[in-house]
Structure formats: structure tokens, C-alpha cells
Amino acid sequence: MYDFAIVGGGIVGLSTGMALYEKYPDAKIVLLEKENVVAMHQTGHNSGVIHSGIYYKPGSFKARFARQGSQSMRQFCEEHGIEHDICGKVIVATKIEELPLLDNLFNRGIENELNIRKIGSEELNEIEPHVNGVAAIHVPMAGIVNYKQVSEVFADIIRKQGGEIVLGAKVEKITEAENSSIVETAQQTYHTRFVINCAGLHSDRVAKMAGYLPDMKIVPFRGEYFKLKPEKRHLVKNLIYPVPNPNFPFLGVHFTRMIGGEVDAGPNAVLSLKREGYRKTDFNLKDFSEVMANKGFWKLASKYLKEGAEEMYRSFSKERFVKSLQELIPEVTEEDLVPAPAGVRAQALKSDGGLVDDFHIIVGKRSIHICNAPSPAATASIEIGKAIVDRIPKLEAKKLLV
């Protein structure tokens with residue numbers, strides 16, 4: 001009998017396992033991951049940014065966890081010798097009409113208790129010499145790291161504490177009983193006092209297995225990227241973002257220096273026809289059919305018809321993609337870019353077409369389900385793990401403390 005079974009070996013599942021051992025050092029824990037390595041999907045395709053929390057609604061989980069998480073992530077990297085760089089970023093208004101939006105974003109950052117500055121074009125060009133901008137926000141606490149490497153250290157800590165990480169273990173059934181839960185994979189059945197669902201792109205399906213039907217479905221969006229050729233990396237010093245469109249739930253194409261020196265440009269956000277569809281040709285009938293039958297998706301699509309069409313156009317037109325990048329750095333040309341691996345974001349969508357904008361956690365009888373953990377989940381992973389553990393029902397916690 002296990003005390004806890006965690007479903008999902010991404011950065012949130014691993015951070016939760018680590019947090020469990022901090023609170024219950026004698027607990028017996030198993031983590032089940034369907035792939036043959038940890039951090040395979042959203043974590044492994046992450047841009048690597050340590051976010052500040054400037055974008056998020058004051059008082060939201062996202063804002064609080066990002067602010068606290070950026071500090072705890074930095075501290076964790078320092079303690080464990082993980083390469084990272086608190087390099088800062090600029091959020092750039094490229095035209096006069098964007099200045100009110102920049103002011104609104106700055107005010108939000110101040111409400112979120114961030115030490116940020118508004119800067120003019122002259123100081124902007126001292127920080128990023130090749131950027132075109134009339135003004136910007138300088139966010140000095142933003143940084144970069146390799147989250148797959150962070151996840152592997154999380155996994156090592158869990159194993160050293162005695163936890164089991166079972167790879168190639170796809171969960172097929174969950175049954176909540178009176179005093180325990182049963183988790184079944186194709187290879188083995190696990191009896192556990194408590195189940196923690198951190199299944200990311202499949203979190204809604206795992207919740208349904210356990211008997212919970214949240215008013216939301218995961219809709220996958222593919223983020224498509226290019227990389228700057230090595231000889232053009234000098235155009236980007238650190239992190240360069242546009243002022244986000246307040247009417248669209250994505251941050252727009254931007255430039256990200258990665259640990260190791262590469263520079264990513266993107267993403268372009270389009271509907272993925274498979275939950276783990278990293279290529280345009282990837283298709284899964286079940287995943288596609290679920291989206292097409294989802295009334296909420298069609299409401300969302302009609303609301304963002306213009307923006308969605310632009311994203312689709314950019315997806316198939318490198319020329320249009322480059323034009324978007326040139327708004328920030330005019331010197332970038334099509335010849336400067338080569339295709340880069342894509343990522344897939346698990347976006348939770350309500351039946352009325354509304355996006356689940358914050359972290360969404362469902363507490364069951366003998367389970368907890370993290371049904372929406374979008375960006376900045378990697379940045380905030382240490383704090384999210386602690387928050388999940390704190391939500392374990394008190395009755396169950398008392399049993400573990402005996």
C-alpha cells in the first residue's frame with residue numbers, strides 16, 4: 001500500500017513528489033509516467049524562461065506562484081548547481097498606439113509587487129541594441145534555465161528519499177474506494193491512500209477516470225518556433241517580448257535566448273490536431289473529435305476569429321512570421337531563421353467558451369486533480385507542489401503523521 005500515487009512525470013508531478021517528502025519524509029510514494037523518460041512533453045518543450053509574474057491578474061494563483069516561484073527556482077538552481085541566468089527581459093512597445101497597453105501592464109506589475117522600470121527608446125537600445133521600440137518595461141528578475149534538467153534533479157531527489165518512479169506506466173483506470181484508491185496500468189495495479197493527478201495534457205481524462213467531470217476540457221495548442229542561425233544570435237542579448245494583445249490569450253511572437261546560447265523566435269499558436277502533436281502532420285482521431293464536438297471550442301474560435309486566422313496564416317507563411325518578428329527587430333530576415341522544435345500547451349476550456357485562466361485544482365475524496373497548470377507552471381513548479389500538498393485533506397494528512 002502506497003501513501004501517494006502521482007500520475008504524471010512532468011515538472012509539476014515531480015515537484016509535488018519532492019514537496020510530499022519535505023512534509024512527510026516517511027511516506028511511501030510512487031510516481032507513474034507513461035513515457036520512458038520524465039519531463040517528456042510540456043516540460044521538455046518549454047522555452048526555459050523563469051517568469052516574473054508581470055502578466056497575471058493581481059491576487060491570482062498565477063501571479064503569486066510566479067513571483068514566489070521565480071525566487072525559489074533561482075534558489076534551487078543555485079543550491080544544486082543547475083546552470084541558469086537571471087538576465088532580465090524587455091517588453092517593448094513598437095508603436096505609439098501601444099503605450100497605453102504598456103502602461104496598463106506596468107501598473108499590473110507594480111500591483112504584483114515587482115521591481116520593474118519603464119524605460120525610453122535610448123535605454124532600451126542600451127539593453128537590446130537591435131530592437132525597434134518607442135518605450136519598454138525592463139523586468140530584471142526574469143531569467144532562463146533548462147527545465148528538463150531541473151526536472152531530472154527533482155527526480156533524483158525523489159529517488160534518494162525512497163520514492164519509486166515507474167516509467168512506461170500509462171494509467172488506464174482509477175477507482176476511489178472507502179479507505180484507499182486503486183490505480184491500474186497495463187502492467188500493474190497500485191493500491192494507494194491518495195492519488196495526485198498531474199497528467200498535464202491528459203489531466204481532464206485522468207480526472208474523469210476517477211469519477212470527476214469538471215466543466216472543462218483540455219484543448220491542445222501547438223507553439224511553433226524558429227531559431228536564429230548562429231551568426232545572427234548577436235541580434236538578441238536576452239529576452240525580448242512584445243506588448244501582449246489584451247484580447248488574445250497568448251503573448252505573441254518573441255525572442256528567447258536559451259541556456260547554451262541558442263535564440264528561439266516564436267511561438268506561433270495554432271490548434272493541434274493531437275494532444276501531443278508537435279508536427280503539423282500529427283493527427284489523433286480521438287483528440288481531434290473531442291475538440292470538434294466541444295461547443296466551448298467553437299465559441300472560443302468565433303470570439304478570436306481574426307486572431308486565430310492570423311496565427312494560421314503565420315503557421316504556413318514564413319514570410320508572415322518574419323514580418324511579425326521584424327516589428328521587434330527589423331534586421332531579421334527569412335534567411336536568418338531555421339525551423340525549431342514545437343511545443344504543445346494544454347489549455348483548459350470551459351463549456352461556455354471561456355478559458356480557464358488560472359491554475360485549476362479539484363479536490364476529490366481520495367484524490368487531487370491539477371486540471372489546468374499552464375505557463376508559468378514551470379517557473380512556479382516548486383510553489384505549486386507545496387500548494388498541492390497543503391490541499392491534501394486533513395483527515396488523510398493525520399493518518400500519515402501517525
# chains A, B, ... in the order shown; residues from 1 in each chain; ligands from 1
call {"tool": "residues_around", "arguments": {"residues": "Tyr190 (chain A)", "least_positions_apart": "5", "cutoff": "9 Å", "atoms": "only C-alpha atoms", "output": "PyMOL selection string"}}
result
chain A and resi 1-2+5+30+181-185
call {"tool": "residues_around", "arguments": {"residues": "Ala186 (chain A)", "least_positions_apart": "2", "cutoff": "12 Å", "atoms": "only C-alpha atoms", "output": "NGL selection string"}}
result
:A and (32 or 34 or 168-173 or 183-184 or 188-190)
call {"tool": "select_by_dssp", "arguments": {"residues": "region 9-95 of chain A", "states": "strand (DSSP E or B)", "output": "number ranges by chain"}}
result
A: 29-33, 49-50, 84-85, 89-93
call {"tool": "select_by_dssp", "arguments": {"residues": "region 112-346 of chain A", "states": "helix (DSSP H, G or I)", "output": "ChimeraX atom specification"}}
result
/A:121-127,147-160,200-209,230-235,285-292,295-303,305-316,318-326,334-336
call {"tool": "residues_around", "arguments": {"residues": "Thr175 (chain A)", "least_positions_apart": "5", "cutoff": "12 Å", "atoms": "only C-alpha atoms", "output": "JSON, numbers by chain"}}
result
{"A": [180, 181, 182, 183, 184, 189, 190, 191, 192, 193, 194, 195, 206, 207, 208, 209, 210, 211, 212, 364, 365, 366, 367]}
call {"tool": "write_last_selection", "arguments": {"atoms": "C-alpha atoms", "output": "short mmCIF file (atom, residue, chain, number, x, y, z; two decimals), in the first residue's frame"}}
result
data_model
loop_
_atom_site.label_atom_id
_atom_site.label_comp_id
_atom_site.auth_asym_id
_atom_site.auth_seq_id
_atom_site.Cartn_x
_atom_site.Cartn_y
_atom_site.Cartn_z
CA SER A 180 -7.92 3.73 -0.48
CA SER A 181 -7.73 4.21 -4.23
CA ILE A 182 -6.74 1.73 -6.92
CA VAL A 183 -4.67 2.87 -9.88
CA GLU A 184 -4.37 0.44 -12.77
CA THR A 189 -2.20 -2.38 -10.14
CA TYR A 190 -1.28 0.08 -7.39
CA HIS A 191 -3.14 0.46 -4.09
CA THR A 192 -2.69 3.87 -2.54
CA ARG A 193 -4.25 6.04 0.13
CA PHE A 194 -4.28 9.07 -2.15
CA VAL A 195 -3.94 9.92 -5.86
CA VAL A 206 -7.44 11.23 -15.63
CA ALA A 207 -9.91 13.23 -13.52
CA LYS A 208 -12.76 11.57 -15.45
CA MET A 209 -11.24 8.14 -14.72
CA ALA A 210 -11.53 8.92 -11.01
CA GLY A 211 -15.17 9.92 -11.40
CA TYR A 212 -14.84 13.71 -11.63
CA GLY A 364 -11.75 14.66 -4.51
CA LYS A 365 -12.42 12.12 -1.78
CA ARG A 366 -9.07 10.39 -2.17
CA SER A 367 -7.53 12.39 -4.95
#
call {"tool": "residues_around", "arguments": {"residues": "Gln71 (chain A)", "least_positions_apart": "4", "cutoff": "12 Å", "atoms": "only C-alpha atoms", "output": "NGL selection string"}}
result
:A and (50-53 or 64-67 or 75-78 or 86 or 114 or 141-143 or 379-383)
call {"tool": "atom_distance", "arguments": {"atom1": "CA of Lys118 (chain A)", "atom2": "CA of Gly266 (chain A)"}}
result
24.0 Å
call {"tool": "residues_around", "arguments": {"residues": "Ala93 (chain A)", "least_positions_apart": "4", "cutoff": "6 Å", "atoms": "only C-alpha atoms", "output": "list in words"}}
result
Glu98, Gly133, Val134, Ala135, Ala136 and Val243 of chain A
call {"tool": "atom_distance", "arguments": {"atom1": "CA of Tyr55 (chain A)", "atom2": "CA of Phe106 (chain A)"}}
result
9.1 Å
call {"tool": "closest_residue", "arguments": {"among": "A:Leu273, A:Ala63, A:Met292, A:Val322", "to": "Lys227 (chain A)", "atoms": "only C-alpha atoms"}}
result
A:Val322
call {"tool": "closest_residue", "arguments": {"among": "A:Val219, A:Ala177, A:Ile259, A:Ala301", "to": "Gly277 (chain A)", "atoms": "only C-alpha atoms"}}
result
A:Val219
call {"tool": "closest_residue", "arguments": {"among": "A:Pro242, A:Gly354, A:Pro374, A:Pro267", "to": "Leu328 (chain A)", "atoms": "only C-alpha atoms"}}
result
A:Pro242
call {"tool": "closest_residue", "arguments": {"among": "A:Glu262, A:Val145, A:Pro244, A:Gln161", "to": "Leu101 (chain A)", "atoms": "only C-alpha atoms"}}
result
A:Pro244
call {"tool": "closest_residue", "arguments": {"among": "A:Pro376, A:Gly343, A:Pro214, A:Gly9", "to": "Ile158 (chain A)", "atoms": "only C-alpha atoms"}}
result
A:Gly9
call {"tool": "residues_around", "arguments": {"residues": "Arg108 (chain A)", "least_positions_apart": "4", "cutoff": "9 Å", "atoms": "only C-alpha atoms", "output": "ChimeraX atom specification"}}
result
/A:54-58,103-104,112-113
call {"tool": "residues_around", "arguments": {"residues": "Asn284 (chain A)", "least_positions_apart": "3", "cutoff": "7 Å", "atoms": "only C-alpha atoms", "output": "PyMOL selection string"}}
result
chain A and resi 273-274+287-288
